[in-house]
$ cat input00.cif   # mmCIF, C-alpha atoms (C1' of nucleotides)
data_structure
#
loop_
_atom_site.label_atom_id
_atom_site.label_comp_id
_atom_site.auth_asym_id
_atom_site.auth_seq_id
_atom_site.Cartn_x
_atom_site.Cartn_y
_atom_site.Cartn_z
CA MET A 1 -105.78 -137.79 -23.60
CA LYS A 2 -108.82 -135.62 -23.66
CA HIS A 3 -110.16 -136.26 -27.12
CA ARG A 4 -109.99 -140.06 -27.09
CA ARG A 5 -112.63 -140.42 -29.70
CA GLY A 6 -113.81 -143.81 -30.80
CA PHE A 7 -113.80 -144.99 -34.35
CA ARG A 8 -116.83 -144.15 -36.44
CA PHE A 9 -119.47 -146.01 -34.52
CA LEU A 10 -122.17 -143.39 -34.79
CA GLU A 11 -123.40 -143.80 -38.34
CA PRO A 12 -123.17 -147.61 -38.49
CA GLY A 13 -124.81 -147.84 -35.08
CA LEU A 14 -127.71 -145.65 -36.14
CA LEU A 15 -128.18 -147.54 -39.37
CA ALA A 16 -128.05 -150.86 -37.55
CA LEU A 17 -130.81 -149.80 -35.18
CA LEU A 18 -132.90 -148.30 -37.93
CA ARG A 19 -132.64 -151.46 -39.95
CA GLU A 20 -134.37 -153.28 -37.13
CA ARG A 21 -137.25 -150.84 -37.02
CA PRO A 22 -138.06 -147.21 -37.81
CA THR A 23 -137.83 -144.98 -34.78
CA HIS A 24 -136.94 -141.47 -33.65
CA GLY A 25 -133.77 -139.79 -32.43
CA TYR A 26 -134.41 -139.91 -28.75
CA GLU A 27 -135.01 -143.65 -28.85
CA LEU A 28 -131.83 -144.14 -30.82
CA ILE A 29 -129.92 -142.12 -28.27
CA ALA A 30 -131.23 -144.41 -25.55
CA GLU A 31 -130.29 -147.59 -27.40
CA LEU A 32 -126.97 -146.64 -28.90
CA PRO A 33 -124.80 -146.90 -25.77
CA ALA A 34 -125.63 -150.57 -25.27
CA LEU A 35 -124.94 -151.25 -28.92
CA VAL A 36 -121.60 -149.54 -29.15
CA GLY A 37 -120.37 -150.00 -25.60
CA THR A 38 -120.13 -146.41 -24.53
CA ASP A 39 -121.68 -144.78 -21.49
CA ARG A 40 -123.20 -141.99 -23.47
CA VAL A 41 -123.57 -140.64 -26.97
CA ASP A 42 -123.59 -137.00 -27.87
CA VAL A 43 -127.16 -135.94 -28.37
CA GLY A 44 -126.41 -133.10 -30.73
CA ASN A 45 -124.20 -135.22 -32.93
CA VAL A 46 -126.89 -137.87 -33.24
CA TYR A 47 -129.43 -135.44 -34.65
CA ARG A 48 -126.81 -133.97 -36.93
CA ALA A 49 -125.84 -137.41 -38.13
CA LEU A 50 -129.45 -138.29 -38.81
CA ARG A 51 -130.03 -135.21 -40.89
CA GLY A 52 -126.75 -135.74 -42.68
CA MET A 53 -127.79 -139.26 -43.52
CA GLU A 54 -131.11 -138.01 -44.73
CA GLU A 55 -129.37 -135.56 -47.06
CA ARG A 56 -127.41 -138.47 -48.47
CA GLY A 57 -130.53 -140.54 -48.92
CA LEU A 58 -129.66 -143.20 -46.35
CA VAL A 59 -132.76 -142.52 -44.27
CA THR A 60 -136.07 -140.71 -44.62
CA SER A 61 -137.98 -138.97 -41.89
CA GLU A 62 -141.31 -137.47 -41.05
CA TRP A 63 -142.90 -135.82 -38.07
CA SER A 64 -145.13 -138.19 -36.13
CA ASP A 65 -147.57 -136.03 -34.23
CA GLU A 66 -149.90 -138.88 -33.41
CA LEU A 67 -147.50 -140.37 -30.86
CA PRO A 68 -147.76 -139.10 -27.27
CA GLY A 69 -145.27 -136.58 -25.94
CA PRO A 70 -143.42 -133.84 -27.85
CA ALA A 71 -143.29 -133.99 -31.62
CA LYS A 72 -140.95 -136.72 -32.80
CA ARG A 73 -139.29 -137.12 -36.11
CA THR A 74 -139.43 -140.75 -37.06
CA TYR A 75 -136.60 -142.06 -39.19
CA GLU A 76 -136.69 -144.98 -41.55
CA ILE A 77 -133.82 -146.64 -43.36
CA THR A 78 -133.80 -146.68 -47.16
CA ASP A 79 -132.38 -149.22 -49.59
CA GLU A 80 -129.45 -146.91 -50.07
CA GLY A 81 -129.05 -146.90 -46.30
CA ARG A 82 -129.00 -150.67 -46.27
CA ARG A 83 -126.26 -150.65 -48.84
CA ALA A 84 -124.31 -148.14 -46.81
CA LEU A 85 -124.68 -150.41 -43.81
CA GLU A 86 -123.24 -153.26 -45.86
CA ARG A 87 -120.22 -151.12 -46.59
CA TRP A 88 -119.93 -150.23 -42.93
CA SER A 89 -120.04 -153.87 -42.05
CA HIS A 90 -117.15 -154.54 -44.35
CA TRP A 91 -115.26 -151.57 -43.01
CA LEU A 92 -115.78 -152.70 -39.43
CA ARG A 93 -114.40 -156.14 -40.20
CA GLU A 94 -111.33 -154.62 -41.76
CA ALA A 95 -110.94 -152.37 -38.76
CA ARG A 96 -111.09 -155.33 -36.44
CA ASN A 97 -108.47 -157.18 -38.44
CA ARG A 98 -106.13 -154.24 -38.25
CA ILE A 99 -106.62 -153.92 -34.54
CA ASP A 100 -105.96 -157.62 -34.12
CA THR A 101 -102.73 -157.35 -36.05
CA LEU A 102 -101.56 -154.48 -33.91
CA ILE A 103 -102.56 -156.13 -30.65
CA ALA A 104 -100.78 -159.32 -31.68
CA ARG A 105 -97.60 -157.38 -32.31
CA LEU A 106 -97.95 -155.68 -28.96
CA ASP A 107 -98.39 -158.93 -27.09
CA GLU A 108 -95.48 -160.44 -28.93
CA GLY A 109 -93.07 -157.96 -27.48
CA ARG A 110 -93.29 -158.79 -23.81
CA MET B 1 -116.75 -141.39 -48.61
CA LYS B 2 -113.62 -139.47 -49.27
CA HIS B 3 -112.30 -139.03 -45.79
CA ARG B 4 -112.67 -142.59 -44.58
CA ARG B 5 -110.14 -142.22 -41.89
CA GLY B 6 -109.12 -145.13 -39.74
CA PHE B 7 -109.10 -145.01 -36.03
CA ARG B 8 -106.03 -143.92 -34.18
CA PHE B 9 -103.50 -146.41 -35.38
CA LEU B 10 -100.67 -143.95 -35.93
CA GLU B 11 -99.45 -143.26 -32.43
CA PRO B 12 -99.82 -146.81 -31.08
CA GLY B 13 -98.21 -148.18 -34.23
CA LEU B 14 -95.22 -145.88 -33.91
CA LEU B 15 -94.80 -146.64 -30.24
CA ALA B 16 -95.08 -150.36 -30.90
CA LEU B 17 -92.29 -150.23 -33.47
CA LEU B 18 -90.12 -148.01 -31.32
CA ARG B 19 -90.49 -150.35 -28.42
CA GLU B 20 -88.85 -153.04 -30.50
CA ARG B 21 -85.88 -150.86 -31.35
CA PRO B 22 -84.92 -147.22 -31.76
CA THR B 23 -85.08 -146.06 -35.34
CA HIS B 24 -85.84 -143.09 -37.54
CA GLY B 25 -88.93 -141.76 -39.26
CA TYR B 26 -88.30 -143.09 -42.71
CA GLU B 27 -87.86 -146.61 -41.38
CA LEU B 28 -91.07 -146.30 -39.40
CA ILE B 29 -92.90 -145.14 -42.48
CA ALA B 30 -91.71 -148.23 -44.31
CA GLU B 31 -92.76 -150.61 -41.55
CA LEU B 32 -96.06 -149.10 -40.45
CA PRO B 33 -98.24 -150.26 -43.36
CA ALA B 34 -97.56 -153.92 -42.64
CA LEU B 35 -98.23 -153.38 -38.97
CA VAL B 36 -101.50 -151.56 -39.31
CA GLY B 37 -102.79 -153.09 -42.52
CA THR B 38 -102.90 -150.03 -44.72
CA ASP B 39 -101.32 -149.51 -48.09
CA ARG B 40 -99.67 -146.28 -47.12
CA VAL B 41 -99.20 -143.91 -44.22
CA ASP B 42 -99.05 -140.17 -44.52
CA VAL B 43 -95.43 -139.17 -44.38
CA GLY B 44 -96.01 -135.68 -43.06
CA ASN B 45 -98.28 -136.88 -40.31
CA VAL B 46 -95.72 -139.40 -39.14
CA TYR B 47 -93.09 -136.75 -38.59
CA ARG B 48 -95.62 -134.53 -36.92
CA ALA B 49 -96.74 -137.36 -34.67
CA LEU B 50 -93.15 -138.12 -33.71
CA ARG B 51 -92.44 -134.55 -32.74
CA GLY B 52 -95.72 -134.35 -30.87
CA MET B 53 -94.84 -137.47 -28.95
CA GLU B 54 -91.45 -136.03 -28.17
CA GLU B 55 -93.09 -132.91 -26.76
CA ARG B 56 -95.16 -135.12 -24.50
CA GLY B 57 -92.13 -137.07 -23.40
CA LEU B 58 -93.11 -140.37 -25.01
CA VAL B 59 -90.00 -140.51 -27.15
CA THR B 60 -86.62 -138.81 -27.39
CA SER B 61 -84.66 -138.11 -30.53
CA GLU B 62 -81.29 -137.06 -31.78
CA TRP B 63 -79.65 -136.55 -35.11
CA SER B 64 -77.52 -139.49 -36.11
CA ASP B 65 -74.97 -138.21 -38.58
CA GLU B 66 -72.76 -141.26 -38.32
CA LEU B 67 -75.21 -143.42 -40.25
CA PRO B 68 -74.89 -143.47 -44.05
CA GLY B 69 -77.28 -141.46 -46.17
CA PRO B 70 -78.96 -138.13 -45.39
CA ALA B 71 -79.14 -136.95 -41.79
CA LYS B 72 -81.61 -139.03 -39.83
CA ARG B 73 -83.30 -138.25 -36.59
CA THR B 74 -83.30 -141.41 -34.52
CA TYR B 75 -86.19 -141.84 -32.09
CA GLU B 76 -86.19 -143.86 -28.92
CA ILE B 77 -89.12 -144.75 -26.70
CA THR B 78 -89.12 -143.56 -23.08
CA ASP B 79 -90.62 -145.15 -19.99
CA GLU B 80 -93.46 -142.70 -20.28
CA GLY B 81 -93.88 -143.86 -23.86
CA ARG B 82 -94.06 -147.47 -22.69
CA ARG B 83 -96.79 -146.53 -20.26
CA ALA B 84 -98.66 -144.71 -23.02
CA LEU B 85 -98.39 -147.84 -25.13
CA GLU B 86 -99.91 -149.83 -22.28
CA ARG B 87 -102.85 -147.46 -22.29
CA TRP B 88 -103.14 -147.77 -26.05
CA SER B 89 -103.16 -151.52 -25.71
CA HIS B 90 -106.05 -151.30 -23.32
CA TRP B 91 -107.86 -148.86 -25.58
CA LEU B 92 -107.40 -151.10 -28.60
CA ARG B 93 -108.90 -154.06 -26.78
CA GLU B 94 -111.89 -151.99 -25.80
CA ALA B 95 -112.23 -150.80 -29.37
CA ARG B 96 -112.17 -154.35 -30.62
CA ASN B 97 -114.85 -155.38 -28.16
CA ARG B 98 -117.09 -152.57 -29.28
CA ILE B 99 -116.60 -153.45 -32.90
CA ASP B 100 -117.38 -157.07 -32.14
CA THR B 101 -120.61 -156.10 -30.40
CA LEU B 102 -121.69 -154.02 -33.35
CA ILE B 103 -120.76 -156.66 -35.89
CA ALA B 104 -122.65 -159.29 -33.94
CA ARG B 105 -125.74 -157.13 -33.98
CA LEU B 106 -125.36 -156.59 -37.69
CA ASP B 107 -125.06 -160.29 -38.40
CA GLU B 108 -128.03 -161.02 -36.20
CA GLY B 109 -130.38 -159.03 -38.38
CA ARG B 110 -130.22 -161.02 -41.60
"C1'" DC C 1 -147.69 -124.19 -11.25
"C1'" DT C 2 -143.55 -126.08 -11.38
"C1'" DC C 3 -140.34 -129.56 -12.12
"C1'" DG C 4 -138.36 -133.30 -14.57
"C1'" DA C 5 -138.51 -136.14 -18.57
"C1'" DT C 6 -139.08 -136.10 -23.43
"C1'" DA C 7 -137.51 -134.41 -27.90
"C1'" DT C 8 -134.98 -131.81 -31.31
"C1'" DA C 9 -131.62 -128.52 -32.60
"C1'" DT C 10 -127.47 -125.19 -33.20
"C1'" DG C 11 -122.83 -123.34 -32.12
"C1'" DT C 12 -118.07 -123.87 -31.35
"C1'" DC C 13 -113.65 -126.17 -30.56
"C1'" DT C 14 -110.11 -129.63 -31.16
"C1'" DA C 15 -107.65 -133.80 -32.73
"C1'" DA C 16 -106.76 -136.87 -36.32
"C1'" DT C 17 -105.63 -137.26 -40.71
"C1'" DA C 18 -105.95 -136.73 -45.96
"C1'" DC C 19 -103.72 -134.37 -49.49
"C1'" DA C 20 -100.13 -131.40 -51.40
"C1'" DT C 21 -95.72 -129.72 -51.70
"C1'" DA C 22 -90.95 -128.17 -50.52
"C1'" DC C 23 -86.21 -129.07 -49.85
"C1'" DG C 24 -81.57 -130.95 -48.95
"C1'" DT C 25 -78.51 -135.21 -49.34
"C1'" DT C 26 -76.69 -139.29 -51.05
"C1'" DT C 27 -76.01 -142.92 -54.38
"C1'" DG C 28 -75.76 -145.14 -58.61
"C1'" DA C 29 -76.10 -145.03 -63.70
"C1'" DC C 30 -74.37 -143.27 -67.71
"C1'" DG D 1 -69.34 -134.97 -63.72
"C1'" DT D 2 -73.97 -134.71 -63.96
"C1'" DC D 3 -78.45 -136.33 -63.68
"C1'" DA D 4 -82.07 -138.94 -61.76
"C1'" DA D 5 -83.91 -141.60 -58.26
"C1'" DA D 6 -84.07 -142.77 -53.64
"C1'" DC D 7 -83.53 -141.17 -49.05
"C1'" DG D 8 -85.02 -138.30 -45.24
"C1'" DT D 9 -87.38 -134.57 -42.92
"C1'" DA D 10 -90.61 -130.96 -42.86
"C1'" DT D 11 -94.60 -127.46 -43.43
"C1'" DG D 12 -99.18 -125.92 -45.11
"C1'" DT D 13 -104.01 -126.50 -45.47
"C1'" DA D 14 -108.68 -128.65 -45.65
"C1'" DT D 15 -111.93 -131.86 -43.92
"C1'" DT D 16 -114.12 -134.47 -40.56
"C1'" DA D 17 -115.82 -136.73 -36.41
"C1'" DG D 18 -116.64 -136.15 -32.18
"C1'" DA D 19 -116.60 -133.36 -27.46
"C1'" DC D 20 -118.75 -129.96 -24.98
"C1'" DA D 21 -122.16 -126.39 -24.23
"C1'" DT D 22 -126.49 -124.56 -24.62
"C1'" DA D 23 -131.23 -123.32 -26.43
"C1'" DT D 24 -136.01 -124.38 -26.96
"C1'" DA D 25 -140.48 -126.53 -26.79
"C1'" DT D 26 -143.90 -130.03 -25.11
"C1'" DC D 27 -145.86 -133.07 -21.87
"C1'" DG D 28 -147.07 -135.53 -17.49
"C1'" DA D 29 -146.89 -135.93 -12.51
"C1'" DG D 30 -147.48 -133.95 -8.13
#
$ encode --input "input00.cif" --output "structure tokens"
Amino acid sequence: MKHRRGFRFLEPGLLALLRERPTHGYELIAELPALVGTDRVDVGNVYRALRGMEERGLVTSEWSDELPGPAKRTYEITDEGRRALERWSHWLREARNRIDTLIARLDEGR
Amino acid sequence: MKHRRGFRFLEPGLLALLRERPTHGYELIAELPALVGTDRVDVGNVYRALRGMEERGLVTSEWSDELPGPAKRTYEITDEGRRALERWSHWLREARNRIDTLIARLDEGR
DNA sequence: CTCGATATATGTCTAATACATACGTTTGAC
DNA sequence: GTCAAACGTATGTATTAGACATATATCGAG
């Protein structure tokens, strides 16, 4: 089972973190694993996801040259992003219910 | 959000049903929605999944002409399939934990 | 000066699945 | 008997998320 992908945690995870405070990609990459319970997240996919979300108006970004270190693009959640996060929240609860149903059926048969 | 796909419920759902009793695709298609909490499952993908699982030795099948109605291919779970289901069970519990973590964080920030 | 950490980005591949459609058989209604 | 609906299996194709690889540039420590 090589491609045992998870279940859409990237976008909701990013939005959840950005709702707490605006920050940049590298920070998000550092914080995501603890939030979604994985050992690592794919760096490239995070930046892609961020730009994708920006295109859809869920976040805005700007270069923050004043901070130390290499140039960082700081992302900030928008109202539309907050609404999207609401929908994700709902979706996640549904997902959990479905998993629970399936697990219950599995445990039943033993 | 057009392609709001779920998260890997097809294979574990099929294996779960087949563990309870051998049956054929059409039956599985009828029973899956209740098991995984969706309104419908994709018919084509079910048959594809079944044949894929057969290739990997998780199930066996044979045509059952004796039953009434059109020819049915009856599937039966194998020991390897039962082991795969065990792994799915573990995976589903992990998935649920991750979802719970994320949901908790979401609820926290409000 | 060089090395490692910081930071962003693109390219490519695959697996899962959404959506569409085809096709043969059987059964029941009329 | 024929017609439609249900039964049952199957293929084709597009989209998408995520896995894996790699490129590139800056900065700080030693």
$ calpha_fit_and_write --input "input00.cif" --fixed "chain A" --moving "chain B" --output "CSV table (one decimal) with C-alpha atoms, keeping the file's coordinate frame"
chain,number,residue,atom,x,y,z
B,1,MET,CA,-105.9,-137.5,-23.5
B,2,LYS,CA,-108.9,-135.4,-23.6
B,3,HIS,CA,-110.3,-136.0,-27.0
B,4,ARG,CA,-110.0,-139.8,-27.0
B,5,ARG,CA,-112.6,-140.2,-29.7
B,6,GLY,CA,-113.7,-143.6,-30.8
B,7,PHE,CA,-113.8,-144.7,-34.3
B,8,ARG,CA,-116.8,-144.1,-36.5
B,9,PHE,CA,-119.4,-146.0,-34.5
B,10,LEU,CA,-122.2,-143.4,-34.8
B,11,GLU,CA,-123.4,-143.8,-38.4
B,12,PRO,CA,-123.2,-147.6,-38.5
B,13,GLY,CA,-124.8,-147.8,-35.1
B,14,LEU,CA,-127.7,-145.6,-36.1
B,15,LEU,CA,-128.2,-147.5,-39.4
B,16,ALA,CA,-128.0,-150.8,-37.5
B,17,LEU,CA,-130.8,-149.8,-35.2
B,18,LEU,CA,-132.9,-148.3,-37.9
B,19,ARG,CA,-132.6,-151.4,-39.9
B,20,GLU,CA,-134.4,-153.3,-37.1
B,21,ARG,CA,-137.2,-150.8,-37.0
B,22,PRO,CA,-138.1,-147.2,-37.8
B,23,THR,CA,-137.8,-144.9,-34.8
B,24,HIS,CA,-136.9,-141.5,-33.6
B,25,GLY,CA,-133.8,-139.8,-32.4
B,26,TYR,CA,-134.4,-139.9,-28.7
B,27,GLU,CA,-135.0,-143.6,-28.8
B,28,LEU,CA,-131.8,-144.1,-30.8
B,29,ILE,CA,-129.9,-142.1,-28.3
B,30,ALA,CA,-131.2,-144.4,-25.5
B,31,GLU,CA,-130.3,-147.6,-27.4
B,32,LEU,CA,-126.9,-146.6,-28.9
B,33,PRO,CA,-124.8,-146.9,-25.8
B,34,ALA,CA,-125.6,-150.5,-25.3
B,35,LEU,CA,-124.9,-151.2,-28.9
B,36,VAL,CA,-121.6,-149.5,-29.2
B,37,GLY,CA,-120.3,-150.0,-25.6
B,38,THR,CA,-120.1,-146.4,-24.5
B,39,ASP,CA,-121.6,-144.8,-21.5
B,40,ARG,CA,-123.1,-142.0,-23.5
B,41,VAL,CA,-123.5,-140.6,-27.0
B,42,ASP,CA,-123.5,-137.0,-27.9
B,43,VAL,CA,-127.1,-135.9,-28.4
B,44,GLY,CA,-126.4,-133.1,-30.7
B,45,ASN,CA,-124.2,-135.2,-32.9
B,46,VAL,CA,-126.9,-137.8,-33.2
B,47,TYR,CA,-129.4,-135.4,-34.6
B,48,ARG,CA,-126.8,-133.9,-36.9
B,49,ALA,CA,-125.8,-137.4,-38.1
B,50,LEU,CA,-129.5,-138.3,-38.8
B,51,ARG,CA,-130.0,-135.2,-40.9
B,52,GLY,CA,-126.8,-135.7,-42.7
B,53,MET,CA,-127.8,-139.3,-43.5
B,54,GLU,CA,-131.1,-138.0,-44.7
B,55,GLU,CA,-129.4,-135.6,-47.1
B,56,ARG,CA,-127.4,-138.5,-48.5
B,57,GLY,CA,-130.5,-140.5,-48.9
B,58,LEU,CA,-129.7,-143.2,-46.3
B,59,VAL,CA,-132.8,-142.5,-44.3
B,60,THR,CA,-136.1,-140.7,-44.6
B,61,SER,CA,-138.0,-138.9,-41.9
B,62,GLU,CA,-141.3,-137.4,-41.0
B,63,TRP,CA,-142.9,-135.8,-38.0
B,64,SER,CA,-145.1,-138.2,-36.2
B,65,ASP,CA,-147.6,-136.1,-34.2
B,66,GLU,CA,-149.9,-139.0,-33.5
B,67,LEU,CA,-147.5,-140.5,-31.0
B,68,PRO,CA,-147.8,-139.3,-27.4
B,69,GLY,CA,-145.3,-136.8,-26.0
B,70,PRO,CA,-143.5,-134.0,-27.8
B,71,ALA,CA,-143.3,-134.0,-31.6
B,72,LYS,CA,-141.0,-136.7,-32.8
B,73,ARG,CA,-139.3,-137.1,-36.1
B,74,THR,CA,-139.4,-140.7,-37.0
B,75,TYR,CA,-136.6,-142.0,-39.2
B,76,GLU,CA,-136.7,-145.0,-41.5
B,77,ILE,CA,-133.8,-146.6,-43.3
B,78,THR,CA,-133.8,-146.7,-47.2
B,79,ASP,CA,-132.4,-149.2,-49.6
B,80,GLU,CA,-129.4,-146.9,-50.1
B,81,GLY,CA,-129.0,-146.9,-46.3
B,82,ARG,CA,-129.0,-150.7,-46.3
B,83,ARG,CA,-126.3,-150.7,-48.8
B,84,ALA,CA,-124.3,-148.2,-46.8
B,85,LEU,CA,-124.7,-150.4,-43.8
B,86,GLU,CA,-123.3,-153.3,-45.9
B,87,ARG,CA,-120.2,-151.2,-46.6
B,88,TRP,CA,-119.9,-150.3,-42.9
B,89,SER,CA,-120.1,-153.9,-42.1
B,90,HIS,CA,-117.2,-154.6,-44.4
B,91,TRP,CA,-115.3,-151.6,-43.0
B,92,LEU,CA,-115.8,-152.8,-39.4
B,93,ARG,CA,-114.4,-156.2,-40.2
B,94,GLU,CA,-111.3,-154.7,-41.8
B,95,ALA,CA,-110.9,-152.4,-38.8
B,96,ARG,CA,-111.1,-155.4,-36.5
B,97,ASN,CA,-108.5,-157.3,-38.4
B,98,ARG,CA,-106.1,-154.3,-38.3
B,99,ILE,CA,-106.6,-154.0,-34.6
B,100,ASP,CA,-106.0,-157.7,-34.1
B,101,THR,CA,-102.8,-157.4,-36.1
B,102,LEU,CA,-101.6,-154.6,-33.9
B,103,ILE,CA,-102.6,-156.2,-30.7
B,104,ALA,CA,-100.8,-159.4,-31.7
B,105,ARG,CA,-97.6,-157.5,-32.3
B,106,LEU,CA,-98.0,-155.8,-29.0
B,107,ASP,CA,-98.4,-159.0,-27.1
B,108,GLU,CA,-95.5,-160.5,-29.0
B,109,GLY,CA,-93.0,-158.1,-27.5
B,110,ARG,CA,-93.2,-158.9,-23.8
$ interface_residues --input "input00.cif" --of "chain B" --to "chain C" --cutoff "12 Å" --atoms "only C-alpha atoms (C1' of nucleotides)" --output "NGL selection string"
:B and (2-11 or 40-46 or 48-49 or 65 or 67-72)
$ atom_distance --input "input00.cif" --atom1 "CA of Ala104 (chain A)" --atom2 "CA of Tyr75 (chain B)"
22.8 Å
$ resolve_selection --input "input00.cif" --expression "the PyMOL selection byres ((chain A and resi 58-64) around 8)" --output "VMD selection string"
chain A and resid 50 53 to 57 65 to 67 71 to 82 84
$ atom_distance --input "input00.cif" --atom1 "CA of Leu106 (chain B)" --atom2 "CA of Glu27 (chain A)"
18.4 Å
$ atom_distance --input "input00.cif" --atom1 "C1' of DC20 (chain D)" --atom2 "CA of Pro33 (chain A)"
18.0 Å
$ interface_residues --input "input00.cif" --of "chain D" --to "chain B" --cutoff "8 Å" --atoms "all atoms listed in the file" --output "PDB file with C-alpha atoms (C1' of nucleotides), in the coordinates of the input"
ATOM      1  C1'  DC D   7     -83.530-141.170 -49.050  1.00  0.00           C
ATOM      2  C1'  DG D   8     -85.020-138.300 -45.240  1.00  0.00           C
ATOM      3  C1'  DT D   9     -87.380-134.570 -42.920  1.00  0.00           C
ATOM      4  C1'  DA D  10     -90.610-130.960 -42.860  1.00  0.00           C
ATOM      5  C1'  DT D  15    -111.930-131.860 -43.920  1.00  0.00           C
ATOM      6  C1'  DT D  16    -114.120-134.470 -40.560  1.00  0.00           C
TER       7       DT D  16
END
$ interface_residues --input "input00.cif" --of "chain B" --to "chain A" --cutoff "10 Å" --atoms "all atoms listed in the file" --output "ChimeraX atom specification"
/B:4-9,12-13,15-17,19-20,34-38,84-86,88-107,109-110
$ axis_aligned_box --input "input00.cif" --around "region 37-43 of chain A" --padding-each-side "3 Å" --output "AutoDock Vina command-line options"
--center_x -123.6 --center_y -143.0 --center_z -24.9 --size_x 13.0 --size_y 20.1 --size_z 12.9
$ decode --input "input00.cif" --residues "chain C" --atoms "C-alpha atoms (C1' of nucleotides)" --output "mmCIF file, in the first residue's frame"
data_model
loop_
_atom_site.group_PDB
_atom_site.id
_atom_site.type_symbol
_atom_site.label_atom_id
_atom_site.label_comp_id
_atom_site.auth_asym_id
_atom_site.auth_seq_id
_atom_site.Cartn_x
_atom_site.Cartn_y
_atom_site.Cartn_z
ATOM 1 C "C1'" DC C 1 34.180 30.313 2.723
ATOM 2 C "C1'" DT C 2 31.386 26.782 3.388
ATOM 3 C "C1'" DC C 3 27.767 24.364 5.408
ATOM 4 C "C1'" DG C 4 23.265 23.872 7.242
ATOM 5 C "C1'" DA C 5 18.921 25.982 8.133
ATOM 6 C "C1'" DT C 6 15.472 28.869 6.226
ATOM 7 C "C1'" DA C 7 12.159 29.707 2.541
ATOM 8 C "C1'" DT C 8 9.672 29.179 -1.743
ATOM 9 C "C1'" DA C 9 8.758 26.883 -5.944
ATOM 10 C "C1'" DT C 10 8.063 23.553 -10.079
ATOM 11 C "C1'" DG C 11 7.739 18.980 -12.333
ATOM 12 C "C1'" DT C 12 5.996 14.462 -12.646
ATOM 13 C "C1'" DC C 13 3.588 10.231 -11.306
ATOM 14 C "C1'" DT C 14 -0.050 7.463 -9.322
ATOM 15 C "C1'" DA C 15 -4.299 6.115 -6.849
ATOM 16 C "C1'" DA C 16 -8.879 7.130 -5.831
ATOM 17 C "C1'" DT C 17 -12.918 8.303 -7.552
ATOM 18 C "C1'" DA C 18 -16.548 11.169 -10.113
ATOM 19 C "C1'" DC C 19 -19.118 10.967 -14.156
ATOM 20 C "C1'" DA C 20 -20.743 8.775 -18.381
ATOM 21 C "C1'" DT C 21 -22.108 5.079 -21.002
ATOM 22 C "C1'" DA C 22 -22.555 0.339 -22.983
ATOM 23 C "C1'" DC C 23 -24.536 -4.107 -23.006
ATOM 24 C "C1'" DG C 24 -26.758 -8.585 -22.036
ATOM 25 C "C1'" DT C 25 -30.403 -11.036 -19.148
ATOM 26 C "C1'" DT C 26 -34.432 -11.756 -16.676
ATOM 27 C "C1'" DT C 27 -38.997 -10.691 -15.001
ATOM 28 C "C1'" DG C 28 -43.390 -8.810 -14.848
ATOM 29 C "C1'" DA C 29 -47.090 -6.008 -16.965
ATOM 30 C "C1'" DC C 30 -50.083 -5.545 -20.562
#
